[in-house]
Amino acid sequence: MMRRKLFFLLPFFSLSAVAQSVSLLVGDNYVALPAQQTQSEVRPGWRIVDIQLKNKVTRYLAGAKALQLADARPTFRIEPAEGQTLVDYAVMRLAAKRQYRKLRSPLLIANAYTRIEPAAFRITPQGDKYFICQPIQALDSGQYVIVHLAQTPIQPLGDYVVYPFWIP
């Protein structure tokens, strides 16, 4: 019985293992971007005898738009967690659908992304643990997420923790 309770609580502890903070500059204050976990859907492929072929996995975020609005050159304040580096973070554009936003590929590193590094962002340290990051070029309008590329997937389907925002 105790084992079942611990197994039930395991997904919640996995979210806290990625406990860094990502904030967005709105006006003169930084507003925390809420972490959101992707949801996965597996569509079965062809079944020949007892062999399953071509399963399709889709990773998406609920809702047509993110809650946080940003301008074309947003300013982020990122605090990497213990053992993480800033270069492992990236900005990724999502495909927008009517009811949801989805990753273009189910594998995180197979998607197109821009790493948060000096070649693409103006980065200045703030204190001992924060970095202020602003893209050098303006981002196109659309749905975006900030994601830690080296994170371990959550749940058996391999969901990820992301920080969504959108640019009108």
# chains A, B, ... in the order shown; residues from 1 in each chain; ligands from 1
call {"tool": "select_by_dssp", "arguments": {"residues": "stretch 51-158 of chain A", "states": "strand (DSSP E or B)", "output": "PyMOL selection string"}}
result
chain A and resi 51-53+56-62+69+76-79+89-93+95-96+100-102+113-115+121-126+130-135+142-148+154
call {"tool": "residues_around", "arguments": {"residues": "stretch 36-39 of chain A", "least_positions_apart": "4", "cutoff": "10 Å", "atoms": "only C-alpha atoms", "output": "ChimeraX atom specification"}}
result
/A:15,58-62,66,101-103,145,154-155,157-164
call {"tool": "write_last_selection", "arguments": {"atoms": "N, CA, C and O atoms", "output": "JSON list (two decimals), in the first residue's frame"}}
result
[["chain", "number", "residue", "atom", "x", "y", "z"],
["A", 15, "LEU", "N", 8.74, 17.19, -10.91],
["A", 15, "LEU", "CA", 8.61, 18.59, -11.27],
["A", 15, "LEU", "C", 9.50, 19.47, -10.40],
["A", 15, "LEU", "O", 10.07, 20.42, -10.87],
["A", 58, "THR", "N", 2.58, 12.62, -30.01],
["A", 58, "THR", "CA", 2.41, 14.06, -30.12],
["A", 58, "THR", "C", 2.55, 14.66, -28.73],
["A", 58, "THR", "O", 1.89, 14.21, -27.80],
["A", 59, "ARG", "N", 3.40, 15.67, -28.60],
["A", 59, "ARG", "CA", 3.56, 16.38, -27.32],
["A", 59, "ARG", "C", 2.97, 17.78, -27.50],
["A", 59, "ARG", "O", 3.33, 18.49, -28.42],
["A", 60, "TYR", "N", 2.06, 18.13, -26.59],
["A", 60, "TYR", "CA", 1.37, 19.41, -26.75],
["A", 60, "TYR", "C", 1.14, 20.06, -25.39],
["A", 60, "TYR", "O", 1.28, 19.45, -24.34],
["A", 61, "LEU", "N", 0.77, 21.34, -25.45],
["A", 61, "LEU", "CA", 0.36, 22.12, -24.28],
["A", 61, "LEU", "C", -1.10, 22.50, -24.47],
["A", 61, "LEU", "O", -1.51, 22.88, -25.57],
["A", 62, "ALA", "N", -1.88, 22.39, -23.43],
["A", 62, "ALA", "CA", -3.30, 22.70, -23.51],
["A", 62, "ALA", "C", -3.50, 24.20, -23.72],
["A", 62, "ALA", "O", -2.72, 25.02, -23.25],
["A", 66, "ALA", "N", -0.54, 30.87, -24.83],
["A", 66, "ALA", "CA", 0.07, 30.94, -23.50],
["A", 66, "ALA", "C", -0.57, 32.09, -22.72],
["A", 66, "ALA", "O", -1.15, 33.00, -23.31],
["A", 101, "ARG", "N", -1.21, 23.90, -28.42],
["A", 101, "ARG", "CA", 0.07, 24.23, -29.04],
["A", 101, "ARG", "C", 0.92, 22.98, -28.95],
["A", 101, "ARG", "O", 0.91, 22.31, -27.92],
["A", 102, "LYS", "N", 1.66, 22.63, -30.00],
["A", 102, "LYS", "CA", 2.40, 21.38, -29.96],
["A", 102, "LYS", "C", 3.84, 21.56, -30.38],
["A", 102, "LYS", "O", 4.17, 22.47, -31.14],
["A", 103, "LEU", "N", 4.68, 20.67, -29.85],
["A", 103, "LEU", "CA", 6.05, 20.59, -30.31],
["A", 103, "LEU", "C", 6.04, 19.98, -31.70],
["A", 103, "LEU", "O", 5.28, 19.04, -31.97],
["A", 145, "VAL", "N", 8.26, 28.67, -26.11],
["A", 145, "VAL", "CA", 8.57, 28.16, -24.78],
["A", 145, "VAL", "C", 10.06, 28.32, -24.53],
["A", 145, "VAL", "O", 10.85, 28.32, -25.47],
["A", 154, "ILE", "N", 9.75, 13.35, -17.94],
["A", 154, "ILE", "CA", 8.89, 13.00, -16.82],
["A", 154, "ILE", "C", 7.85, 12.00, -17.30],
["A", 154, "ILE", "O", 7.41, 12.08, -18.45],
["A", 155, "GLN", "N", 7.44, 11.12, -16.44],
["A", 155, "GLN", "CA", 6.40, 10.14, -16.74],
["A", 155, "GLN", "C", 6.92, 9.10, -17.74],
["A", 155, "GLN", "O", 7.94, 9.31, -18.37],
["A", 157, "LEU", "N", 5.72, 8.44, -20.65],
["A", 157, "LEU", "CA", 5.63, 8.91, -22.03],
["A", 157, "LEU", "C", 6.69, 9.95, -22.37],
["A", 157, "LEU", "O", 6.84, 10.34, -23.52],
["A", 158, "GLY", "N", 7.42, 10.44, -21.39],
["A", 158, "GLY", "CA", 8.52, 11.36, -21.66],
["A", 158, "GLY", "C", 8.12, 12.81, -21.82],
["A", 158, "GLY", "O", 8.57, 13.48, -22.73],
["A", 159, "ASP", "N", 7.27, 13.33, -20.93],
["A", 159, "ASP", "CA", 6.86, 14.73, -20.99],
["A", 159, "ASP", "C", 7.97, 15.64, -20.49],
["A", 159, "ASP", "O", 8.89, 15.21, -19.79],
["A", 160, "TYR", "N", 7.88, 16.93, -20.84],
["A", 160, "TYR", "CA", 8.89, 17.91, -20.47],
["A", 160, "TYR", "C", 8.25, 19.07, -19.73],
["A", 160, "TYR", "O", 7.08, 19.35, -19.89],
["A", 161, "VAL", "N", 9.07, 19.78, -18.95],
["A", 161, "VAL", "CA", 8.64, 21.00, -18.27],
["A", 161, "VAL", "C", 9.14, 22.18, -19.10],
["A", 161, "VAL", "O", 10.32, 22.26, -19.42],
["A", 162, "VAL", "N", 8.22, 23.08, -19.46],
["A", 162, "VAL", "CA", 8.55, 24.24, -20.29],
["A", 162, "VAL", "C", 7.95, 25.49, -19.67],
["A", 162, "VAL", "O", 7.10, 25.42, -18.79],
["A", 163, "TYR", "N", 8.39, 26.66, -20.16],
["A", 163, "TYR", "CA", 7.92, 27.95, -19.70],
["A", 163, "TYR", "C", 7.33, 28.69, -20.90],
["A", 163, "TYR", "O", 8.08, 29.28, -21.68],
["A", 164, "PRO", "N", 6.00, 28.66, -21.09],
["A", 164, "PRO", "CA", 5.39, 29.23, -22.30],
["A", 164, "PRO", "C", 5.16, 30.74, -22.24],
["A", 164, "PRO", "O", 4.92, 31.31, -21.18]]
call {"tool": "residues_around", "arguments": {"residues": "A:Val87", "least_positions_apart": "3", "cutoff": "8 Å", "atoms": "only C-alpha atoms", "output": "JSON, numbers by chain"}}
result
{"A": [90, 115, 116, 117]}
call {"tool": "residues_around", "arguments": {"residues": "A:Lys56", "least_positions_apart": "4", "cutoff": "9 Å", "atoms": "only C-alpha atoms", "output": "list in words"}}
result
Glu41, Val42, Arg43, Pro44, Gly45 and Pro106 of chain A
call {"tool": "write_last_selection", "arguments": {"atoms": "N, CA and C atoms", "output": "mmCIF file, in the first residue's frame"}}
result
data_model
loop_
_atom_site.group_PDB
_atom_site.id
_atom_site.type_symbol
_atom_site.label_atom_id
_atom_site.label_comp_id
_atom_site.auth_asym_id
_atom_site.auth_seq_id
_atom_site.Cartn_x
_atom_site.Cartn_y
_atom_site.Cartn_z
ATOM 1 N N GLU A 41 0.307 12.280 -26.383
ATOM 2 C CA GLU A 41 -0.734 11.430 -26.941
ATOM 3 C C GLU A 41 -0.055 10.446 -27.883
ATOM 4 N N VAL A 42 -0.378 9.164 -27.732
ATOM 5 C CA VAL A 42 0.181 8.135 -28.598
ATOM 6 C C VAL A 42 -0.937 7.610 -29.487
ATOM 7 N N ARG A 43 -0.732 7.747 -30.766
ATOM 8 C CA ARG A 43 -1.689 7.198 -31.728
ATOM 9 C C ARG A 43 -1.107 5.911 -32.280
ATOM 10 N N PRO A 44 -1.818 4.807 -32.105
ATOM 11 C CA PRO A 44 -1.270 3.539 -32.572
ATOM 12 C C PRO A 44 -1.184 3.504 -34.093
ATOM 13 N N GLY A 45 -0.141 2.839 -34.558
ATOM 14 C CA GLY A 45 0.060 2.702 -35.997
ATOM 15 C C GLY A 45 -0.549 1.422 -36.517
ATOM 16 N N PRO A 106 8.332 15.001 -31.374
ATOM 17 C CA PRO A 106 8.189 14.531 -29.989
ATOM 18 C C PRO A 106 9.501 14.536 -29.203
#
call {"tool": "atom_distance", "arguments": {"atom1": "atom CA of A:Gln68", "atom2": "atom CA of A:Val26"}}
result
9.7 Å
call {"tool": "atom_distance", "arguments": {"atom1": "atom CA of A:Tyr144", "atom2": "atom CA of A:Gly83"}}
result
24.9 Å
call {"tool": "atom_distance", "arguments": {"atom1": "atom CA of A:Tyr100", "atom2": "atom CA of A:Val147"}}
result
17.8 Å
call {"tool": "residues_around", "arguments": {"residues": "A:Val22", "least_positions_apart": "4", "cutoff": "10 Å", "atoms": "only C-alpha atoms", "output": "PDB file with N, CA and C atoms, in the first residue's frame"}}
result
ATOM      1  N   TYR A  30       9.843  42.014 -13.003  1.00  0.00           N
ATOM      2  CA  TYR A  30       9.937  40.672 -13.564  1.00  0.00           C
ATOM      3  C   TYR A  30       8.765  39.838 -13.066  1.00  0.00           C
ATOM      4  N   VAL A  31       8.084  39.183 -14.002  1.00  0.00           N
ATOM      5  CA  VAL A  31       6.943  38.333 -13.690  1.00  0.00           C
ATOM      6  C   VAL A  31       7.368  36.896 -13.975  1.00  0.00           C
ATOM      7  N   ALA A  32       7.156  36.022 -13.007  1.00  0.00           N
ATOM      8  CA  ALA A  32       7.556  34.623 -13.174  1.00  0.00           C
ATOM      9  C   ALA A  32       6.700  33.948 -14.237  1.00  0.00           C
ATOM     10  N   LEU A  33       7.363  33.261 -15.162  1.00  0.00           N
ATOM     11  CA  LEU A  33       6.641  32.455 -16.139  1.00  0.00           C
ATOM     12  C   LEU A  33       6.281  31.135 -15.456  1.00  0.00           C
ATOM     13  N   PRO A  34       5.009  30.758 -15.459  1.00  0.00           N
ATOM     14  CA  PRO A  34       4.633  29.509 -14.791  1.00  0.00           C
ATOM     15  C   PRO A  34       5.123  28.300 -15.589  1.00  0.00           C
ATOM     16  N   ALA A  35       5.684  27.340 -14.881  1.00  0.00           N
ATOM     17  CA  ALA A  35       6.128  26.102 -15.523  1.00  0.00           C
ATOM     18  C   ALA A  35       4.907  25.295 -15.922  1.00  0.00           C
ATOM     19  N   PHE A  76      14.405  38.204 -20.425  1.00  0.00           N
ATOM     20  CA  PHE A  76      14.185  37.127 -19.473  1.00  0.00           C
ATOM     21  C   PHE A  76      15.204  37.210 -18.349  1.00  0.00           C
ATOM     22  N   ARG A  77      14.780  36.759 -17.184  1.00  0.00           N
ATOM     23  CA  ARG A  77      15.697  36.564 -16.057  1.00  0.00           C
ATOM     24  C   ARG A  77      15.651  35.082 -15.731  1.00  0.00           C
ATOM     25  N   ILE A  78      16.764  34.405 -15.929  1.00  0.00           N
ATOM     26  CA  ILE A  78      16.821  32.954 -15.765  1.00  0.00           C
ATOM     27  C   ILE A  78      17.757  32.615 -14.615  1.00  0.00           C
ATOM     28  N   GLU A  79      17.272  31.738 -13.750  1.00  0.00           N
ATOM     29  CA  GLU A  79      18.083  31.213 -12.660  1.00  0.00           C
ATOM     30  C   GLU A  79      18.239  29.712 -12.881  1.00  0.00           C
ATOM     31  N   PRO A  80      19.389  29.271 -13.390  1.00  0.00           N
ATOM     32  CA  PRO A  80      19.588  27.827 -13.570  1.00  0.00           C
ATOM     33  C   PRO A  80      19.623  27.115 -12.217  1.00  0.00           C
ATOM     34  N   TYR A 130      21.423  34.838 -11.095  1.00  0.00           N
ATOM     35  CA  TYR A 130      20.512  35.195 -12.180  1.00  0.00           C
ATOM     36  C   TYR A 130      21.280  35.650 -13.417  1.00  0.00           C
ATOM     37  N   PHE A 131      20.655  35.443 -14.584  1.00  0.00           N
ATOM     38  CA  PHE A 131      21.167  35.952 -15.850  1.00  0.00           C
ATOM     39  C   PHE A 131      20.043  36.695 -16.549  1.00  0.00           C
ATOM     40  N   ILE A 146      10.400  28.496 -23.267  1.00  0.00           N
ATOM     41  CA  ILE A 146      11.789  28.381 -22.838  1.00  0.00           C
ATOM     42  C   ILE A 146      11.901  27.006 -22.216  1.00  0.00           C
ATOM     43  N   VAL A 147      12.922  26.266 -22.607  1.00  0.00           N
ATOM     44  CA  VAL A 147      13.046  24.878 -22.183  1.00  0.00           C
ATOM     45  C   VAL A 147      14.498  24.574 -21.830  1.00  0.00           C
ATOM     46  N   VAL A 162       8.217  23.084 -19.458  1.00  0.00           N
ATOM     47  CA  VAL A 162       8.547  24.240 -20.293  1.00  0.00           C
ATOM     48  C   VAL A 162       7.949  25.492 -19.672  1.00  0.00           C
ATOM     49  N   TYR A 163       8.393  26.656 -20.163  1.00  0.00           N
ATOM     50  CA  TYR A 163       7.917  27.951 -19.697  1.00  0.00           C
ATOM     51  C   TYR A 163       7.331  28.689 -20.898  1.00  0.00           C
TER      52      TYR A 163
END
